[in-house]
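Trainee: Dropping in data.txt, which is compact mmCIF, C-alpha atoms:
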```txt
# COMPACT_ATOMS: atom_id res chain seq x y z
CA MET A 1 0.00 0.00 0.00
CA LYS A 2 1.30 3.46 -0.86
CA ILE A 3 2.20 5.74 2.05
CA PRO A 4 -0.57 8.32 1.36
CA ALA A 5 -3.11 5.52 1.09
CA LEU A 6 -1.81 4.01 4.33
CA MET A 7 -2.10 7.36 6.10
CA THR A 8 -5.65 7.78 4.82
CA ALA A 9 -6.58 4.32 6.06
CA LEU A 10 -5.08 5.04 9.47
CA LEU A 11 -6.91 8.35 9.73
CA LEU A 12 -10.18 6.71 8.76
CA ALA A 13 -9.63 3.98 11.32
CA ALA A 14 -8.91 6.60 13.97
CA GLY A 15 -12.08 8.43 13.01
CA VAL A 16 -14.14 5.27 13.29
CA ALA A 17 -12.60 4.51 16.70
CA GLN A 18 -13.32 8.05 17.88
CA ALA A 19 -16.90 7.84 16.65
CA ALA A 20 -17.35 4.50 18.40
CA ALA A 21 -15.93 5.91 21.63
CA ALA A 22 -18.45 8.75 21.49
CA ASP A 23 -21.43 6.39 20.97
CA THR A 24 -22.36 6.21 24.64
CA LEU A 25 -25.70 4.48 24.10
CA GLY A 26 -24.05 1.88 21.85
CA LYS A 27 -21.30 1.33 24.44
CA ILE A 28 -23.86 0.87 27.21
CA ALA A 29 -26.01 -1.47 25.12
CA GLU A 30 -23.05 -3.65 24.17
CA SER A 31 -21.62 -3.93 27.70
CA ASN A 32 -25.03 -3.98 29.44
CA LYS A 33 -23.48 -1.54 31.95
CA MET A 34 -23.61 2.20 32.57
CA THR A 35 -21.10 3.92 34.83
CA VAL A 36 -22.11 7.25 36.35
CA ALA A 37 -20.03 9.58 38.49
CA TYR A 38 -20.72 11.13 41.85
CA ARG A 39 -18.90 13.63 44.07
CA GLU A 40 -18.17 12.92 47.71
CA SER A 41 -18.52 16.45 49.13
CA SER A 42 -20.40 18.71 46.68
CA VAL A 43 -23.32 19.56 48.98
CA PRO A 44 -26.19 19.64 48.02
CA PHE A 45 -25.51 18.42 44.48
CA SER A 46 -23.72 15.13 45.05
CA TYR A 47 -22.27 14.01 48.38
CA LEU A 48 -21.94 11.19 50.86
CA THR A 49 -23.83 11.18 54.16
CA GLY A 50 -21.69 8.65 55.99
CA SER A 51 -22.51 5.73 53.72
CA THR A 52 -21.25 4.78 50.27
CA LYS A 53 -24.48 5.92 48.61
CA ALA A 54 -24.35 9.46 47.25
CA VAL A 55 -27.37 11.76 47.57
CA GLY A 56 -28.18 15.19 46.22
CA PHE A 57 -29.84 17.35 43.58
CA ALA A 58 -27.51 16.14 40.80
CA VAL A 59 -27.76 12.52 41.97
CA ASP A 60 -31.54 12.67 41.55
CA MET A 61 -31.05 14.04 38.03
CA THR A 62 -28.54 11.27 37.30
CA GLU A 63 -31.08 8.65 38.35
CA ALA A 64 -33.72 10.19 36.07
CA ILE A 65 -31.26 10.01 33.16
CA VAL A 66 -30.37 6.38 33.99
CA LYS A 67 -34.08 5.52 33.95
CA ALA A 68 -34.41 7.10 30.49
CA VAL A 69 -31.39 5.12 29.22
CA LYS A 70 -32.95 1.86 30.47
CA THR A 71 -36.19 2.74 28.64
CA LYS A 72 -34.42 3.83 25.45
CA LEU A 73 -32.35 0.63 25.27
CA ASN A 74 -35.17 -1.59 26.58
CA LYS A 75 -32.84 -2.81 29.32
CA PRO A 76 -34.77 -2.64 32.62
CA ASN A 77 -32.08 -4.72 34.33
CA LEU A 78 -29.16 -2.64 33.08
CA GLN A 79 -26.18 -2.76 35.46
CA VAL A 80 -25.49 0.72 36.85
CA ASP A 81 -22.16 1.37 38.56
CA TYR A 82 -21.48 4.50 40.62
CA MET A 83 -17.92 5.84 40.67
CA PRO A 84 -16.54 8.66 42.84
CA VAL A 85 -14.68 11.39 40.95
CA THR A 86 -12.76 14.52 41.91
CA SER A 87 -12.44 17.95 40.33
CA GLN A 88 -9.11 16.78 38.92
CA ASN A 89 -10.01 13.43 37.36
CA ARG A 90 -13.64 13.85 36.25
CA ILE A 91 -12.85 15.06 32.71
CA PRO A 92 -10.14 12.45 31.90
CA LEU A 93 -12.36 9.62 33.22
CA LEU A 94 -15.25 10.78 31.04
CA ALA A 95 -13.11 11.32 27.94
CA ASN A 96 -11.46 7.89 28.16
CA GLY A 97 -14.76 6.05 28.60
CA THR A 98 -14.35 5.01 32.24
CA ILE A 99 -17.53 6.91 33.18
CA ASP A 100 -20.48 7.64 30.90
CA LEU A 101 -22.03 10.63 32.66
CA GLU A 102 -21.08 13.15 35.34
CA CYS A 103 -23.76 15.26 37.01
CA GLY A 104 -22.40 17.21 39.96
CA SER A 105 -21.05 20.71 40.49
CA THR A 106 -19.15 20.99 37.21
CA THR A 107 -18.87 24.38 35.52
CA ASN A 108 -19.80 24.47 31.84
CA ASN A 109 -17.16 26.67 30.20
CA THR A 110 -15.56 27.08 26.78
CA ALA A 111 -12.18 25.64 27.85
CA ARG A 112 -13.75 22.37 29.01
CA GLY A 113 -15.97 22.38 25.93
CA LYS A 114 -12.88 21.49 23.89
CA ASP A 115 -12.72 18.10 25.64
CA VAL A 116 -16.29 17.30 26.69
CA ALA A 117 -19.89 18.26 25.99
CA PHE A 118 -22.48 19.70 28.39
CA ALA A 119 -26.22 19.28 28.81
CA ILE A 120 -28.71 22.04 29.61
CA ASN A 121 -27.44 24.23 32.46
CA HIS A 122 -29.04 23.29 35.78
CA PHE A 123 -27.51 25.88 38.16
CA TYR A 124 -25.69 29.24 38.22
CA THR A 125 -23.13 30.24 40.83
CA GLY A 126 -20.11 32.47 41.48
CA THR A 127 -16.88 32.38 43.51
CA ARG A 128 -17.15 33.72 47.08
CA LEU A 129 -15.32 33.12 50.36
CA LEU A 130 -15.98 30.90 53.37
CA VAL A 131 -14.28 32.29 56.49
CA LYS A 132 -14.39 32.06 60.25
CA LYS A 133 -16.57 34.85 61.65
CA SER A 134 -13.73 35.68 64.03
CA SER A 135 -11.29 36.29 61.13
CA GLY A 136 -12.56 39.77 60.29
CA ILE A 137 -12.35 38.93 56.54
CA LYS A 138 -15.18 40.58 54.58
CA ASN A 139 -13.88 40.71 51.01
CA TYR A 140 -10.93 39.83 48.78
CA ALA A 141 -8.95 42.98 49.62
CA ASP A 142 -8.69 41.74 53.23
CA LEU A 143 -6.71 38.74 51.97
CA ALA A 144 -3.74 40.68 50.54
CA GLY A 145 -0.58 38.68 51.27
CA LYS A 146 -2.64 36.04 53.09
CA THR A 147 -3.22 32.30 52.52
CA VAL A 148 -6.44 31.33 50.75
CA ALA A 149 -7.64 27.77 50.15
CA SER A 150 -9.34 26.41 47.05
CA THR A 151 -9.77 22.96 45.49
CA THR A 152 -7.48 21.36 42.91
CA GLY A 153 -8.93 21.12 39.39
CA THR A 154 -11.67 23.75 39.83
CA THR A 155 -12.28 26.91 37.79
CA ASN A 156 -12.25 28.85 41.07
CA VAL A 157 -8.47 28.46 41.33
CA GLN A 158 -8.02 30.24 37.98
CA VAL A 159 -10.55 32.95 38.91
CA LEU A 160 -8.81 33.56 42.24
CA ARG A 161 -5.31 33.68 40.74
CA LYS A 162 -6.42 36.16 38.08
CA TYR A 163 -8.21 38.35 40.61
CA SER A 164 -5.18 38.33 42.92
CA ALA A 165 -2.85 39.28 40.04
CA ASP A 166 -5.20 41.94 38.60
CA HIS A 167 -5.54 43.61 42.01
CA ASN A 168 -1.93 43.06 43.20
CA LEU A 169 -3.10 41.15 46.27
CA GLY A 170 -0.26 38.61 46.36
CA MET A 171 -2.46 35.85 47.80
CA ASN A 172 -0.84 32.55 48.70
CA ILE A 173 -3.22 29.93 47.26
CA LEU A 174 -3.22 26.58 49.07
CA LEU A 175 -5.00 23.70 47.28
CA GLY A 176 -7.08 21.00 48.94
CA LYS A 177 -7.60 17.67 47.19
CA ASP A 178 -11.39 17.99 47.56
CA HIS A 179 -13.87 20.44 49.10
CA ASP A 180 -13.81 18.78 52.53
CA ASP A 181 -10.02 19.05 52.55
CA SER A 182 -10.19 22.75 51.59
CA LEU A 183 -12.72 23.41 54.37
CA LEU A 184 -10.40 21.71 56.84
CA LEU A 185 -7.61 24.14 55.87
CA VAL A 186 -9.81 26.99 57.16
CA GLU A 187 -11.07 25.12 60.23
CA ASN A 188 -7.46 24.30 61.20
CA ASP A 189 -6.31 27.91 60.54
CA ARG A 190 -3.94 26.93 57.72
CA ALA A 191 -5.89 29.30 55.45
CA LEU A 192 -7.96 32.38 56.27
CA ALA A 193 -10.57 31.73 53.59
CA PHE A 194 -11.85 29.06 51.22
CA ALA A 195 -12.67 30.40 47.74
CA MET A 196 -15.30 28.29 45.97
CA ASP A 197 -18.73 28.42 44.31
CA ASP A 198 -21.01 30.12 46.82
CA VAL A 199 -23.65 27.37 46.76
CA LEU A 200 -21.05 24.75 47.71
CA LEU A 201 -19.79 26.97 50.53
CA PHE A 202 -23.29 27.26 51.98
CA GLY A 203 -23.64 23.48 51.81
CA LEU A 204 -20.24 22.82 53.36
CA ARG A 205 -20.92 25.30 56.15
CA ALA A 206 -24.29 23.68 56.88
CA ASN A 207 -22.66 20.27 57.32
CA SER A 208 -19.49 21.46 59.07
CA LYS A 209 -18.50 20.71 62.68
CA ASP A 210 -19.50 24.21 63.84
CA PRO A 211 -21.72 26.02 61.28
CA ALA A 212 -22.29 29.01 63.57
CA SER A 213 -18.56 29.83 63.51
CA LEU A 214 -18.42 30.20 59.71
CA GLU A 215 -19.86 32.65 57.21
CA VAL A 216 -19.87 33.21 53.44
CA VAL A 217 -18.59 36.66 52.47
CA GLY A 218 -17.22 38.65 49.54
CA ASP A 219 -18.37 39.71 46.10
CA SER A 220 -19.48 37.02 43.66
CA LEU A 221 -16.80 36.63 40.99
CA GLN A 222 -17.54 35.35 37.48
CA VAL A 223 -21.02 33.81 37.55
CA GLU A 224 -20.83 30.34 35.99
CA PRO A 225 -23.34 27.65 34.98
CA TYR A 226 -23.28 24.04 36.18
CA ALA A 227 -24.29 21.28 33.78
CA CYS A 228 -24.13 17.50 33.42
CA MET A 229 -21.04 16.47 31.48
CA LEU A 230 -20.90 13.90 28.65
CA ARG A 231 -18.54 12.92 25.88
CA LYS A 232 -18.06 15.17 22.87
CA ASP A 233 -19.57 14.49 19.45
CA ASP A 234 -22.31 12.21 20.74
CA PRO A 235 -25.56 13.88 19.61
CA ALA A 236 -27.76 10.87 20.39
CA PHE A 237 -26.76 10.76 24.05
CA LYS A 238 -26.88 14.55 24.43
CA THR A 239 -30.41 14.53 22.98
CA LEU A 240 -31.45 11.94 25.56
CA VAL A 241 -29.85 13.77 28.52
CA ASP A 242 -31.18 17.17 27.40
CA GLY A 243 -34.60 15.60 26.88
CA VAL A 244 -34.72 14.37 30.48
CA ILE A 245 -33.68 17.75 31.93
CA SER A 246 -35.96 19.67 29.55
CA GLY A 247 -38.88 17.45 30.47
CA MET A 248 -38.27 18.05 34.18
CA MET A 249 -38.11 21.81 33.60
CA LYS A 250 -41.36 21.83 31.58
CA SER A 251 -43.29 19.58 33.96
CA GLY A 252 -42.38 21.39 37.17
CA GLU A 253 -40.42 18.39 38.44
CA PHE A 254 -37.17 20.38 38.26
CA GLU A 255 -38.52 23.08 40.58
CA LYS A 256 -39.79 20.42 43.01
CA LEU A 257 -36.32 18.87 42.99
CA TYR A 258 -34.75 22.29 43.55
CA ASN A 259 -37.02 22.96 46.53
CA LYS A 260 -36.19 19.52 47.97
CA TRP A 261 -32.44 20.24 48.06
CA PHE A 262 -32.19 24.03 48.41
CA MET A 263 -35.34 25.09 50.31
CA SER A 264 -35.91 22.12 52.66
CA PRO A 265 -33.93 20.35 55.41
CA ILE A 266 -31.33 18.03 53.86
CA PRO A 267 -29.28 15.13 55.25
CA PRO A 268 -27.30 14.42 57.29
CA LYS A 269 -28.06 17.26 59.75
CA ASN A 270 -31.46 18.32 58.37
CA ILE A 271 -30.27 21.89 57.83
CA ASN A 272 -32.13 24.06 55.32
CA LEU A 273 -29.80 25.94 52.95
CA ASN A 274 -32.64 28.40 52.25
CA LEU A 275 -31.36 29.39 48.81
CA PRO A 276 -34.21 30.58 46.56
CA MET A 277 -33.82 29.89 42.86
CA SER A 278 -31.84 32.67 41.14
CA GLN A 279 -33.48 34.68 38.38
CA GLN A 280 -30.85 33.40 35.97
CA LEU A 281 -31.80 29.77 36.67
CA ARG A 282 -35.52 30.57 36.62
CA ASP A 283 -35.07 32.14 33.18
CA ASN A 284 -33.28 28.99 32.03
CA LEU A 285 -36.30 26.85 32.90
CA THR A 286 -37.77 28.43 29.78
CA ALA A 287 -34.65 29.13 27.69
CA GLN A 288 -33.10 25.70 28.45
CA SER A 289 -29.69 26.94 27.33
CA ASP A 290 -26.45 24.98 27.42
CA LYS A 291 -24.44 28.16 26.87
CA PRO A 292 -21.02 27.98 28.57
CA ALA A 293 -19.23 30.54 30.67
CA LEU A 294 -16.31 32.17 28.86
```
How does the structure come out when it is put into structure tokens?
Mentor:
Amino acid sequence: MKIPALMTALLLAAGVAQAAAADTLGKIAESNKMTVAYRESSVPFSYLTGSTKAVGFAVDMTEAIVKAVKTKLNKPNLQVDYMPVTSQNRIPLLANGTIDLECGSTTNNTARGKDVAFAINHFYTGTRLLVKKSSGIKNYADLAGKTVASTTGTTNVQVLRKYSADHNLGMNILLGKDHDDSLLLVENDRALAFAMDDVLLFGLRANSKDPASLEVVGDSLQVEPYACMLRKDDPAFKTLVDGVISGMMKSGEFEKLYNKWFMSPIPPKNINLNLPMSQQLRDNLTAQSDKPAL
């Protein structure tokens, strides 16, 4: 075979392999197994309550999507495996086929859109600060030259670094391996503040050892959407996932789910986060946009 012909054949083969890898429904049907991700400390989206079974707003959405996959493939006894992921490994595990779906507290942005695809946005949030009330910290300017915690692999780290550089604050950014680890850095006085999506900070505070000692402060930086994450170039699976979320938004089920996790007592301590739905999210119940943050 001539070299150009060989190269063409190899490229075609690679294209076929890539297409096959992106056929999530075909992959699930062939293996009779679907692997979905969960987070261990993304309250109230996806988190553990002392057992190995995750609960949360995004977990309930995941289960609705799994049900739709079983119906679509006519596989009521489909094996469903749940795998814990972190901010750092969630994208590689999805891209390489280890997991088939990740619904949690993942920001839908253009940088990640080069590697993965996103469903309809299901939440909007921004970076704020969790601090001890006794710290006297009220905003980012109070952290000039101080140590601030955030979590490895999150967009918040980039937002914080840029803000610190743009405002000549010289923050020392200390990274936790997950949100619980980052919270511990504040509780143990290794960092003065934990910079993260405000909704996660409210959830972490609610389930912390001493909620009354902590508060969420500071301006909200760079409002970002959360969305379920799936593999790129897989229109059939995206249509199914979007269809589930769209159906929930149209039927009122989405708002019921929101009220369950954001406006009612949640496990394990039965604390109510008391976070009314933002206008941006309420607008998206109608718009049903998957538009990313920049």
Trainee: In terms of the shortest atom-to-atom distance over only C-alpha atoms, which of A:Cys103, A:Ala144, A:Ala236, A:Val80 is closest to Ala22 in chain A?
Mentor: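 Ranked by minimum distance to Ala22 in chain A, first place goes to A:Ala236.
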Trainee: Figure out the distance between CA of Ser46 in chain A and CA of Val59 in chain A, please, to one decimal in Å.
Mentor: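 Distance between the two atoms: 5.7 Å.
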Trainee: So, counting all atoms listed in the file, which residue among A:Ser246, A:Val131, A:Gly50, A:Gly56 is closest to Ala287 in chain A?
Mentor: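 Of the candidates, the smallest distance to Ala287 in chain A is held by A:Ser246.
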Trainee: What would the list of residues within 10 Å of (-7.7, 34.5, 43.7) (file frame) look like as number ranges by chain, if only C-alpha atoms are what count?
Mentor: A: 127, 140, 143, 148-150, 156-167, 169-173, 195, 221
Trainee: Kindly provide, as lines of an AutoDock Vina configuration file, the centre and edge lengths (Å, one decimal) of an axis-aligned box around all atoms of range 239-251 of chain A given in the file, with 6 Å on each side.
Mentor:
```
center_x = -36.6
center_y = 16.9
center_z = 28.6
size_x = 25.4
size_y = 21.9
size_z = 23.2
```
Trainee: From the options A:Thr239, A:Asn168, A:Gln279, A:Thr110, which residue's atoms come nearest to Thr24 in chain A, counting only C-alpha atoms?
Mentor: A:Thr239
Trainee: Between A:Gly126, A:Pro84, A:Gly113, A:Gly153, single out the one closest to Leu230 in chain A, counting only C-alpha atoms.
Mentor: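 Checking each candidate against Leu230 in chain A, we get A:Gly113 as the closest.
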Trainee: List the neighbours of Val85 in chain A out to 7 Å using only C-alpha atoms; skip same-chain residues closer than 2 positions along the sequence, and give me the result as a short mmCIF file (atom, residue, chain, number, x, y, z; two decimals) with C-alpha atoms, in the frame of the given file.
Mentor:
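File selection.cif, as written:
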```cif
data_model
loop_
_atom_site.label_atom_id
_atom_site.label_comp_id
_atom_site.auth_asym_id
_atom_site.auth_seq_id
_atom_site.Cartn_x
_atom_site.Cartn_y
_atom_site.Cartn_z
CA ALA A 37 -20.03 9.58 38.49
CA TYR A 38 -20.72 11.13 41.85
CA ARG A 39 -18.90 13.63 44.07
CA MET A 83 -17.92 5.84 40.67
CA SER A 87 -12.44 17.95 40.33
CA ASN A 89 -10.01 13.43 37.36
CA ARG A 90 -13.64 13.85 36.25
#
```
Trainee: So how many Å separate CA of Ser220 in chain A and CA of Asn270 in chain A, to one decimal?
Mentor: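 Atom-to-atom, CA of Ser220 in chain A to CA of Asn270 in chain A, that is 26.6 Å.
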Trainee: Could you pull out every residue with an atom within 7 Å of (-22.7, 4.0, 43.7), file coordinates, counting only C-alpha atoms, and send them as a ChimeraX atom specification?
Mentor: /A:52-54,81-83
Trainee: Separation of CA of Asp242 in chain A and CA of Ser41 in chain A, in Å?
Mentor: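 Taking CA of Asp242 in chain A as the start and CA of Ser41 in chain A as the end point, the length is 25.2 Å.
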Trainee: Write out as number ranges by chain which residues come within 10 Å of Phe194 in chain A when counting all atoms listed in the file, dropping same-chain ones fewer than 5 positions away.
Mentor: A: 127-132, 147-151, 173-176, 179, 182-187, 201, 216
Trainee: Keeping only C-alpha atoms, write those residues as a PDB file, in the frame of the given file.
Mentor:
```
ATOM      1  CA  THR A 127     -16.880  32.380  43.510  1.00  0.00           C
ATOM      2  CA  ARG A 128     -17.150  33.720  47.080  1.00  0.00           C
ATOM      3  CA  LEU A 129     -15.320  33.120  50.360  1.00  0.00           C
ATOM      4  CA  LEU A 130     -15.980  30.900  53.370  1.00  0.00           C
ATOM      5  CA  VAL A 131     -14.280  32.290  56.490  1.00  0.00           C
ATOM      6  CA  LYS A 132     -14.390  32.060  60.250  1.00  0.00           C
ATOM      7  CA  THR A 147      -3.220  32.300  52.520  1.00  0.00           C
ATOM      8  CA  VAL A 148      -6.440  31.330  50.750  1.00  0.00           C
ATOM      9  CA  ALA A 149      -7.640  27.770  50.150  1.00  0.00           C
ATOM     10  CA  SER A 150      -9.340  26.410  47.050  1.00  0.00           C
ATOM     11  CA  THR A 151      -9.770  22.960  45.490  1.00  0.00           C
ATOM     12  CA  ILE A 173      -3.220  29.930  47.260  1.00  0.00           C
ATOM     13  CA  LEU A 174      -3.220  26.580  49.070  1.00  0.00           C
ATOM     14  CA  LEU A 175      -5.000  23.700  47.280  1.00  0.00           C
ATOM     15  CA  GLY A 176      -7.080  21.000  48.940  1.00  0.00           C
ATOM     16  CA  HIS A 179     -13.870  20.440  49.100  1.00  0.00           C
ATOM     17  CA  SER A 182     -10.190  22.750  51.590  1.00  0.00           C
ATOM     18  CA  LEU A 183     -12.720  23.410  54.370  1.00  0.00           C
ATOM     19  CA  LEU A 184     -10.400  21.710  56.840  1.00  0.00           C
ATOM     20  CA  LEU A 185      -7.610  24.140  55.870  1.00  0.00           C
ATOM     21  CA  VAL A 186      -9.810  26.990  57.160  1.00  0.00           C
ATOM     22  CA  GLU A 187     -11.070  25.120  60.230  1.00  0.00           C
ATOM     23  CA  LEU A 201     -19.790  26.970  50.530  1.00  0.00           C
ATOM     24  CA  VAL A 216     -19.870  33.210  53.440  1.00  0.00           C
TER      25      VAL A 216
END
```
Trainee: Once you count all atoms listed in the file, what closest atom pair and distance in Å to one decimal does each residue of range 21-119 of chain A within 9 Å of range 262-269 of chain A have, with rows by chain and rising residue number, as CSV?
Mentor:
```
residue,atom,partner,partner_atom,distance
A:Pro44,CA,A:Phe262,CA,7.4
A:Leu48,CA,A:Pro268,CA,9.0
A:Thr49,CA,A:Pro268,CA,5.7
A:Gly50,CA,A:Pro268,CA,8.2
A:Val55,CA,A:Pro267,CA,8.6
A:Gly56,CA,A:Ile266,CA,8.7
A:Phe57,CA,A:Phe262,CA,8.6
```
Trainee: Could you dump the residues just selected with C-alpha atoms as an mmCIF file, in the coordinates of the input?
Mentor:
```cif
data_model
loop_
_atom_site.group_PDB
_atom_site.id
_atom_site.type_symbol
_atom_site.label_atom_id
_atom_site.label_comp_id
_atom_site.auth_asym_id
_atom_site.auth_seq_id
_atom_site.Cartn_x
_atom_site.Cartn_y
_atom_site.Cartn_z
ATOM 1 C CA PRO A 44 -26.190 19.640 48.020
ATOM 2 C CA LEU A 48 -21.940 11.190 50.860
ATOM 3 C CA THR A 49 -23.830 11.180 54.160
ATOM 4 C CA GLY A 50 -21.690 8.650 55.990
ATOM 5 C CA VAL A 55 -27.370 11.760 47.570
ATOM 6 C CA GLY A 56 -28.180 15.190 46.220
ATOM 7 C CA PHE A 57 -29.840 17.350 43.580
#
```
Trainee: Would you list the contacts of Ile245 in chain A as a count of residues only, taking every protein, DNA or RNA residue within 8 Å and counting all atoms listed in the file, but skipping same-chain residues closer than 6 positions in sequence?
Mentor: 3
Trainee: Find the residues near Thr62 in chain A: any atom within 9 Å, counting only C-alpha atoms, skip ones fewer than 6 places away on the same chain, and give them as an mmCIF file with C-alpha atoms, in the frame of the given file.
Mentor:
```cif
data_model
loop_
_atom_site.group_PDB
_atom_site.id
_atom_site.type_symbol
_atom_site.label_atom_id
_atom_site.label_comp_id
_atom_site.auth_asym_id
_atom_site.auth_seq_id
_atom_site.Cartn_x
_atom_site.Cartn_y
_atom_site.Cartn_z
ATOM 1 C CA VAL A 36 -22.110 7.250 36.350
ATOM 2 C CA ALA A 37 -20.030 9.580 38.490
ATOM 3 C CA LEU A 101 -22.030 10.630 32.660
ATOM 4 C CA GLU A 102 -21.080 13.150 35.340
ATOM 5 C CA CYS A 103 -23.760 15.260 37.010
ATOM 6 C CA GLY A 104 -22.400 17.210 39.960
ATOM 7 C CA CYS A 228 -24.130 17.500 33.420
#
```
